[in-house]
Amino acid sequence: MFAYVVRRFLNLVPTFIGATILAFLVAQLVPGDFLQQRALEPNVRPETIERLRQQFGLDLPWTVQYIRWFGSLLQGDLGLSFSSNQPVTNLIAAPIRNSMVLVIMSIVLLYVMAVPLGVYTAVRQYSLADQSISALAYFGLAIPNFFFAQILILGLFTLRTFTRETFGYNELLLPVAQMTSSNALDWPWYRQAWDVFVHALMPTFVIATSGIAGFTRVLRAQMIEYLSSDFIRTARAKGLGERSVTYKHALRPAVIPFVAGIGGLLPVLIGGAGLVEVVVSWPGITPTLLEAISRQDIYVVLGLVVVTTFLLMIGNLLSDLLLSVVDPRIRYD
Amino acid sequence: MAQNPRARSEAKSQTQIALEQFRRHRVAMIGAGILVVMYTLTAFAGFIAPYGINEYRTRPAAAFRPPTQIHWTDPDTGRLTRPFVYDVTAERDPVTFQRVYVEDTSVRYPIKFFVKRPEASYRILGLFESDRHLFGVDDPARIFLWGTNNLGKDVFSRVLYGGQVSLTIGLLAVWVSLALGLLFGGLAGFYGGWVDELVMRIVEVLSAIPGLFLLVVLASLLQDPRNPLAQAFGLEMNSAQTFLMIVVVLGLVGWGGLARTIRSLVLSIREMDYAQAAKALGASERRVLAKHLLPATASYVIVDLTLAIPGFILTETGLSFIGLGPSEVDTASWGLLLRDATARGISIQFVPWLLIPGIPIFLAVLSWNLVGDGLRDAFDPRKRR
């Protein structure tokens with residue numbers, strides 16, 4: 001097991017280096033640089049620009065820049081941000097953490113919703129509930145999440161108008177923007193955490209929707225296939241209860257692809273979270289990335305891309321390891 | 001010799017069988033029908049849209065006008081009459097200070113059909129120039145079926161024009177990723193060894209970086225007028241070129257999955273008897289690959305591509321939504337139109353009609369998904385009915 005983990009980890013190294021090279025190359029293609037923007041300001045002297053250019057190593061060929069950058073990356077240093085003159089590590093820690101709140105909550109919601117729905121629709125195949133859930137799944141897969149978020153915001157506002165007029169209750173059911181309430185800083189930590197959680201509910205639901213829809217459909221198909229297989233018939237013939245047959249015998253092999261699928265799901269969730277973050281002004285990775293791009297702050301851009309890529313790879317590795325827990329046929333040694 | 005009456009029906013090609021199966025797939029046919037309608041409407045956008053894509057008047061104010069009310073009955077007699085609209089005047093709500101539009105019921109403007117409006121001329125499919133519109137009303141009244149945005153541009157017209165971008169970008173990007181996927185997937189599967197290793201590494205690297213990041217960086221790069229491609233050709237990017245750039249970027253980021261599918265298919269087909277036979281007969285490697293291996297992947301590829309189109313539509317509208325797609329100047333994309341609803345200082349509850357452009361995105365993606373699923377079932381011999 002340990003040997004396998006090490007082997008897998010070593011296998012990730014070339015991919016990771018390739019990803020950093022690709023990211024660096026793409027960032028280099030951006031015409032001009034931050035200092036060219038700075039040079040247009042009237043109160044900045046050309047010597048200052050030149051000094052900064054040397055300090056950041058922008059006058060060197062990109063290969064040298066890359067090696068320097070990668071060298072410091074290995075020491076956990078992602079360079080300096082041009083625009084705020086701070087270490088990139090400080091700048092991007094909070095956005096990444098904020099995005100992870102959304103991503104992890106959506107993964108939890110995804111499994112909590114998709115597994116029961118998938119099992120239920122498979123057991124009650126062709127029932128009214130099954131057909132309406134399958135129809136809803138098509139809707140969930142087709143609705144763009146930024147549009148869905150806007151619709152929910154509109155819905156929450158409309159609901160507020162309704163409750164104001166009928167009960168005189170003039171509060172939104174769920175917050176629709178930002179990550180915290182405006183006065184949250186004075187609150188004790190548990191109240192702050194609850195505040196973030198409440199703010200995250202709507203975006204989490206939006207991000208998880210297409211995943212729930214997709215998972216439910218696939219899990220349903222898998223369950224139907226396993227429920228009609230020989231070992232289930234054997235289990236039933238032995239007199240096992242239907243509950244045990246469904247959950248212990250059919251569900252276990254059926255969820256295996258989903259455990260393995262977490263790795264592939266993460267980039268989708270992070271990408272999907274991105275647009276939703278923009279809609280609800282969640283201070284996450286994508287808004288920070290967009291701002292850094294517009295300022296041509298390439299080390300911040302690179303830092304975000306590299307750290308996210310790294311996290312994705314670790315996520316992939318973890319899901320492979322989890323697979324051996326769920327699937328006893330797979331043993332890593 | 002007696003003719004076997006069943007001989008004709010048994011001699012159907014695989015494609016014919018698949019098409020027949022597809023026609024029996026009710027849901028998929030509904031999807032296909034919706035798509036036909038949508039593509040036709042956008043092809044004739046100029047004719048159906050009452051206004052030009054960027055047509056607006058600042059005076060009298062027309063910003064955020066709600067959908068124009070169409071009256072079907074005569075208010076005096078209560079009887080059914082020719083549909084008409086009223087002109088509206090802008091007023092301030094005394095309580096909320098929101099701008100409200102009040103109907104001026106003194107003059108009725110009947111809705112006219114096949115009206116000429118020289119200020120909004122258009123070309124159908126880039127060929128036929130005309131200035132005749134399906135419907136319209138006389139000045140100074142205007143008809144905004146789906147309201148207007150912050151600049152007073154007609155949302156209905158813009159949704160029709162936006163479809164020209166949002167519906168075609170996916171169709172075109174699919175060809176780019178098909179070409180790349182076939183090339184690299186085919187090579188990797190056929191040659192194996194270090195070629196395979198290299199291609200699969202590249203695919204892995206591409207899939208390791210979150211797609212949105214690559215797209216965002218590439219798209220913002222290509223939007224910059226100083227970008228290397230624009231500089232190389234010494235030109236300012238116009239909207240058509242930005243459009244092509246987005247197509248290429250989407251295709252470049254999206255070919256990995258297809259390459260993987262094709263590689264594994266080629267790997268298994270390569271070992272089949274007919275491929276071995278072709279090789280034994282002295283066919284060159286290239287011939288075996290092009291004539292025997294790639295065609296065998298066709299049905300999978302068709303299904304994969306059909307299901308990739310909605311993905312591209314979602315990505316394109318998403319990119320435009322964050323302002324990185326085709327620009328405002330003389331194109332519209334559904335994502336860009338939805339962006340109007342997020343502009344600073346706008347509260348969506350007062351302008352809900354700005355969310356209408358999301359509905360065609362949803363419909364297009366849904367229908368392509370339905371068609372893709374239908375095709376997959378149609379090609380699958382186990383699901384024959």
# chains A, B, ... in the order shown; residues from 1 in each chain; ligands from 1

$ closest_atom_pairs --of "chain B" --to "chain A" --cutoff "6 Å" --atoms "only C-alpha atoms" --output "CSV"
residue,atom,partner,partner_atom,distance
B:Val205,CA,A:Ala19,CA,5.2
B:Ala208,CA,A:Thr309,CA,5.9
B:Ile209,CA,A:Thr309,CA,5.2
B:Pro210,CA,A:Pro267,CA,5.0
B:Leu212,CA,A:Gly271,CA,5.3
B:Leu221,CA,A:Val30,CA,5.4
B:Asn227,CA,A:Pro31,CA,5.6
B:Gln349,CA,A:Leu154,CA,5.6
B:Gly358,CA,A:Phe147,CA,5.9
B:Phe362,CA,A:Ile143,CA,5.0
B:Val365,CA,A:Ala142,CA,5.2
B:Leu366,CA,A:Ala142,CA,4.9

$ residues_around --residues "B:Asn149" --least-positions-apart "2" --cutoff "8 Å" --atoms "only C-alpha atoms" --output "list in words"
Ala63, Phe64, Arg65, Gly147, Leu151, Gly152, Lys153, Asp154, Val155, Asp340 and Leu354 of chain B

$ write_last_selection --atoms "C-alpha atoms" --output "PDB file, in the first residue's frame"
ATOM      1  CA  ALA B  63     -33.899  51.748 -20.464  1.00  0.00           C
ATOM      2  CA  PHE B  64     -35.251  48.744 -18.566  1.00  0.00           C
ATOM      3  CA  ARG B  65     -38.608  48.837 -20.243  1.00  0.00           C
ATOM      4  CA  GLY B 147     -38.370  44.232 -22.531  1.00  0.00           C
ATOM      5  CA  LEU B 151     -29.364  50.912 -22.778  1.00  0.00           C
ATOM      6  CA  GLY B 152     -32.869  50.408 -24.078  1.00  0.00           C
ATOM      7  CA  LYS B 153     -31.901  47.676 -26.540  1.00  0.00           C
ATOM      8  CA  ASP B 154     -34.608  45.164 -27.394  1.00  0.00           C
ATOM      9  CA  VAL B 155     -33.957  41.886 -25.567  1.00  0.00           C
ATOM     10  CA  ASP B 340     -26.740  42.639 -18.336  1.00  0.00           C
ATOM     11  CA  LEU B 354     -33.272  40.317 -18.357  1.00  0.00           C
TER      12      LEU B 354
END

$ residues_around --residues "stretch 222-235 of chain A" --least-positions-apart "6" --cutoff "6 Å" --atoms "only C-alpha atoms" --output "PDB file with N, CA and C atoms, in the first residue's frame"
ATOM      1  N   ALA A 122     -33.980   3.464  -8.902  1.00  0.00           N
ATOM      2  CA  ALA A 122     -33.708   2.134  -9.441  1.00  0.00           C
ATOM      3  C   ALA A 122     -34.674   1.108  -8.856  1.00  0.00           C
ATOM      4  N   ALA A 250     -26.289  -4.622  -3.566  1.00  0.00           N
ATOM      5  CA  ALA A 250     -26.348  -3.971  -4.878  1.00  0.00           C
ATOM      6  C   ALA A 250     -25.680  -2.598  -4.856  1.00  0.00           C
ATOM      7  N   ALA A 254     -22.309  -0.723  -6.970  1.00  0.00           N
ATOM      8  CA  ALA A 254     -22.801   0.327  -7.868  1.00  0.00           C
ATOM      9  C   ALA A 254     -22.158   1.677  -7.592  1.00  0.00           C
TER      10      ALA A 254
END

$ atom_distance --atom1 "atom CA of B:Trp255" --atom2 "atom CA of B:Ser299"
17.3 Å

$ residues_around --residues "A:Val325" --least-positions-apart "3" --cutoff "12 Å" --atoms "only C-alpha atoms" --output "PyMOL selection string"
chain A and resi 1+252-253+256+259-260+318-322+328-332

$ write_last_selection --atoms "C-alpha atoms" --output "short mmCIF file (atom, residue, chain, number, x, y, z; two decimals), in the first residue's frame"
data_model
loop_
_atom_site.label_atom_id
_atom_site.label_comp_id
_atom_site.auth_asym_id
_atom_site.auth_seq_id
_atom_site.Cartn_x
_atom_site.Cartn_y
_atom_site.Cartn_z
CA MET A 1 0.00 0.00 0.00
CA ARG A 252 -21.83 -1.32 -2.81
CA PRO A 253 -20.60 -2.34 -6.28
CA ILE A 256 -17.64 2.23 -6.98
CA VAL A 259 -15.72 6.99 -5.62
CA ALA A 260 -13.27 6.71 -8.49
CA LEU A 318 -7.13 10.25 -2.48
CA SER A 319 -10.06 9.01 -4.55
CA ASP A 320 -7.88 6.19 -5.91
CA LEU A 321 -6.96 5.21 -2.37
CA LEU A 322 -10.58 5.40 -1.26
CA PRO A 328 -12.15 -5.18 -2.04
CA ARG A 329 -11.22 -6.51 -5.47
CA ILE A 330 -8.67 -3.72 -5.76
CA ARG A 331 -5.57 -4.11 -3.65
CA TYR A 332 -2.57 -1.90 -4.05
#

$ closest_residue --among "B:Val303, B:Asp196, B:Pro310, B:Leu178" --to "B:Ala18" --atoms "only C-alpha atoms"
B:Val303

$ closest_residue --among "A:Ser134, A:Ser72, A:Thr216, A:Ser181" --to "A:His199" --atoms "only C-alpha atoms"
A:Ser181

$ residues_around --residues "B:Thr15" --least-positions-apart "2" --cutoff "12 Å" --atoms "only C-alpha atoms" --output "PDB file with N, CA and C atoms, in the first residue's frame"
ATOM      1  N   ALA B  11     -31.758  -5.880 -46.003  1.00  0.00           N
ATOM      2  CA  ALA B  11     -30.544  -5.337 -46.588  1.00  0.00           C
ATOM      3  C   ALA B  11     -30.306  -3.894 -46.179  1.00  0.00           C
ATOM      4  N   LYS B  12     -30.749  -3.543 -44.975  1.00  0.00           N
ATOM      5  CA  LYS B  12     -30.531  -2.163 -44.540  1.00  0.00           C
ATOM      6  C   LYS B  12     -29.106  -1.976 -44.036  1.00  0.00           C
ATOM      7  N   SER B  13     -28.572  -0.816 -44.302  1.00  0.00           N
ATOM      8  CA  SER B  13     -27.236  -0.534 -43.781  1.00  0.00           C
ATOM      9  C   SER B  13     -27.346  -0.162 -42.305  1.00  0.00           C
ATOM     10  N   ILE B  17     -30.469   1.633 -40.150  1.00  0.00           N
ATOM     11  CA  ILE B  17     -31.067   1.071 -38.938  1.00  0.00           C
ATOM     12  C   ILE B  17     -31.010   2.091 -37.815  1.00  0.00           C
ATOM     13  N   ALA B  18     -29.846   2.715 -37.683  1.00  0.00           N
ATOM     14  CA  ALA B  18     -29.685   3.676 -36.593  1.00  0.00           C
ATOM     15  C   ALA B  18     -30.663   4.835 -36.752  1.00  0.00           C
ATOM     16  N   LEU B  19     -30.812   5.316 -37.978  1.00  0.00           N
ATOM     17  CA  LEU B  19     -31.723   6.432 -38.211  1.00  0.00           C
ATOM     18  C   LEU B  19     -33.154   6.041 -37.875  1.00  0.00           C
ATOM     19  N   GLU B  20     -33.507   4.820 -38.269  1.00  0.00           N
ATOM     20  CA  GLU B  20     -34.854   4.343 -37.984  1.00  0.00           C
ATOM     21  C   GLU B  20     -35.094   4.270 -36.481  1.00  0.00           C
ATOM     22  N   GLN B  21     -34.081   3.735 -35.788  1.00  0.00           N
ATOM     23  CA  GLN B  21     -34.190   3.659 -34.330  1.00  0.00           C
ATOM     24  C   GLN B  21     -34.343   5.044 -33.731  1.00  0.00           C
ATOM     25  N   PHE B  22     -33.574   5.973 -34.277  1.00  0.00           N
ATOM     26  CA  PHE B  22     -33.596   7.326 -33.741  1.00  0.00           C
ATOM     27  C   PHE B  22     -34.984   7.938 -33.917  1.00  0.00           C
ATOM     28  N   ALA B 298     -16.674   5.468 -35.745  1.00  0.00           N
ATOM     29  CA  ALA B 298     -17.588   6.545 -36.130  1.00  0.00           C
ATOM     30  C   ALA B 298     -18.783   6.699 -35.204  1.00  0.00           C
ATOM     31  N   SER B 299     -19.459   5.561 -34.886  1.00  0.00           N
ATOM     32  CA  SER B 299     -20.695   5.720 -34.128  1.00  0.00           C
ATOM     33  C   SER B 299     -20.413   6.301 -32.745  1.00  0.00           C
ATOM     34  N   ILE B 302     -19.662  10.025 -33.206  1.00  0.00           N
ATOM     35  CA  ILE B 302     -20.843  10.849 -33.455  1.00  0.00           C
ATOM     36  C   ILE B 302     -21.569  11.128 -32.141  1.00  0.00           C
ATOM     37  N   LEU B 375     -29.220   9.301 -30.046  1.00  0.00           N
ATOM     38  CA  LEU B 375     -28.268   8.708 -30.982  1.00  0.00           C
ATOM     39  C   LEU B 375     -27.526   7.543 -30.339  1.00  0.00           C
ATOM     40  N   ALA B 378     -29.690   4.691 -30.359  1.00  0.00           N
ATOM     41  CA  ALA B 378     -29.944   4.219 -31.718  1.00  0.00           C
ATOM     42  C   ALA B 378     -28.787   3.381 -32.241  1.00  0.00           C
ATOM     43  N   PHE B 379     -27.559   3.757 -31.850  1.00  0.00           N
ATOM     44  CA  PHE B 379     -26.401   3.000 -32.339  1.00  0.00           C
ATOM     45  C   PHE B 379     -26.150   1.738 -31.522  1.00  0.00           C
ATOM     46  N   ASP B 380     -26.820   1.636 -30.372  1.00  0.00           N
ATOM     47  CA  ASP B 380     -26.544   0.538 -29.462  1.00  0.00           C
ATOM     48  C   ASP B 380     -27.442  -0.645 -29.813  1.00  0.00           C
TER      49      ASP B 380
END

$ select_by_dssp --residues "stretch 139-329 of chain B" --states "helix (DSSP H, G or I)" --output "JSON, numbers by chain"
{"B": [155, 156, 157, 158, 159, 160, 161, 162, 163, 164, 165, 166, 167, 168, 169, 170, 171, 172, 173, 174, 175, 176, 177, 178, 179, 180, 181, 182, 183, 184, 185, 186, 187, 188, 189, 190, 191, 193, 194, 195, 196, 197, 198, 199, 200, 201, 202, 203, 204, 205, 206, 207, 208, 211, 212, 213, 214, 215, 216, 217, 218, 219, 220, 221, 222, 223, 228, 229, 230, 231, 232, 233, 239, 240, 241, 242, 243, 244, 245, 246, 247, 248, 249, 250, 251, 252, 253, 254, 256, 257, 258, 259, 260, 261, 262, 263, 264, 265, 266, 267, 268, 269, 270, 273, 274, 275, 276, 277, 278, 279, 280, 285, 286, 287, 288, 289, 290, 291, 292, 293, 294, 295, 296, 298, 299, 300, 301, 302, 303, 304, 305, 306, 307, 308, 309, 310, 311, 312, 313, 314, 315, 316, 317, 318, 319, 320, 321]}

$ atom_distance --atom1 "atom CA of B:Arg57" --atom2 "atom CA of B:Val88"
14.0 Å

$ select_by_dssp --residues "stretch 14-84 of chain B" --states "strand (DSSP E)" --output "PDB file with N, CA and C atoms, in the first residue's frame"
ATOM      1  N   HIS B  71     -52.346  44.272 -26.488  1.00  0.00           N
ATOM      2  CA  HIS B  71     -53.783  44.235 -26.194  1.00  0.00           C
ATOM      3  C   HIS B  71     -54.503  43.505 -27.314  1.00  0.00           C
ATOM      4  N   TRP B  72     -55.314  42.551 -26.929  1.00  0.00           N
ATOM      5  CA  TRP B  72     -56.041  41.748 -27.915  1.00  0.00           C
ATOM      6  C   TRP B  72     -57.501  42.170 -28.009  1.00  0.00           C
ATOM      7  N   THR B  73     -57.973  42.847 -26.964  1.00  0.00           N
ATOM      8  CA  THR B  73     -59.390  43.219 -26.984  1.00  0.00           C
ATOM      9  C   THR B  73     -59.530  44.735 -26.963  1.00  0.00           C
ATOM     10  N   LEU B  80     -62.875  41.178 -29.159  1.00  0.00           N
ATOM     11  CA  LEU B  80     -61.601  40.827 -29.769  1.00  0.00           C
ATOM     12  C   LEU B  80     -61.322  41.778 -30.925  1.00  0.00           C
ATOM     13  N   THR B  81     -60.077  42.256 -30.996  1.00  0.00           N
ATOM     14  CA  THR B  81     -59.758  43.194 -32.065  1.00  0.00           C
ATOM     15  C   THR B  81     -58.372  42.888 -32.586  1.00  0.00           C
ATOM     16  N   ARG B  82     -57.958  43.640 -33.575  1.00  0.00           N
ATOM     17  CA  ARG B  82     -56.603  43.478 -34.080  1.00  0.00           C
ATOM     18  C   ARG B  82     -55.622  43.844 -32.959  1.00  0.00           C
ATOM     19  N   PRO B  83     -54.593  43.014 -32.689  1.00  0.00           N
ATOM     20  CA  PRO B  83     -53.691  43.299 -31.574  1.00  0.00           C
ATOM     21  C   PRO B  83     -53.002  44.657 -31.744  1.00  0.00           C
ATOM     22  N   PHE B  84     -52.939  45.402 -30.651  1.00  0.00           N
ATOM     23  CA  PHE B  84     -52.291  46.708 -30.712  1.00  0.00           C
ATOM     24  C   PHE B  84     -51.519  46.964 -29.427  1.00  0.00           C
TER      25      PHE B  84
END

$ residues_around --residues "stretch 95-105 of chain A" --least-positions-apart "4" --cutoff "6 Å" --atoms "only C-alpha atoms" --output "PyMOL selection string"
chain A and resi 204+283-285

$ write_last_selection --atoms "N, CA and C atoms" --output "PDB file, in the first residue's frame"
ATOM      1  N   THR A 204     -23.910  26.512  -3.028  1.00  0.00           N
ATOM      2  CA  THR A 204     -23.606  25.089  -2.978  1.00  0.00           C
ATOM      3  C   THR A 204     -24.637  24.279  -3.739  1.00  0.00           C
ATOM      4  N   PRO A 283     -15.972  35.565  -2.465  1.00  0.00           N
ATOM      5  CA  PRO A 283     -14.558  35.921  -2.653  1.00  0.00           C
ATOM      6  C   PRO A 283     -13.676  34.700  -2.881  1.00  0.00           C
ATOM      7  N   GLY A 284     -13.918  33.990  -3.960  1.00  0.00           N
ATOM      8  CA  GLY A 284     -13.222  32.732  -4.215  1.00  0.00           C
ATOM      9  C   GLY A 284     -12.136  32.852  -5.258  1.00  0.00           C
ATOM     10  N   ILE A 285     -11.755  31.687  -5.830  1.00  0.00           N
ATOM     11  CA  ILE A 285     -10.618  31.644  -6.743  1.00  0.00           C
ATOM     12  C   ILE A 285     -10.900  32.429  -8.022  1.00  0.00           C
TER      13      ILE A 285
END
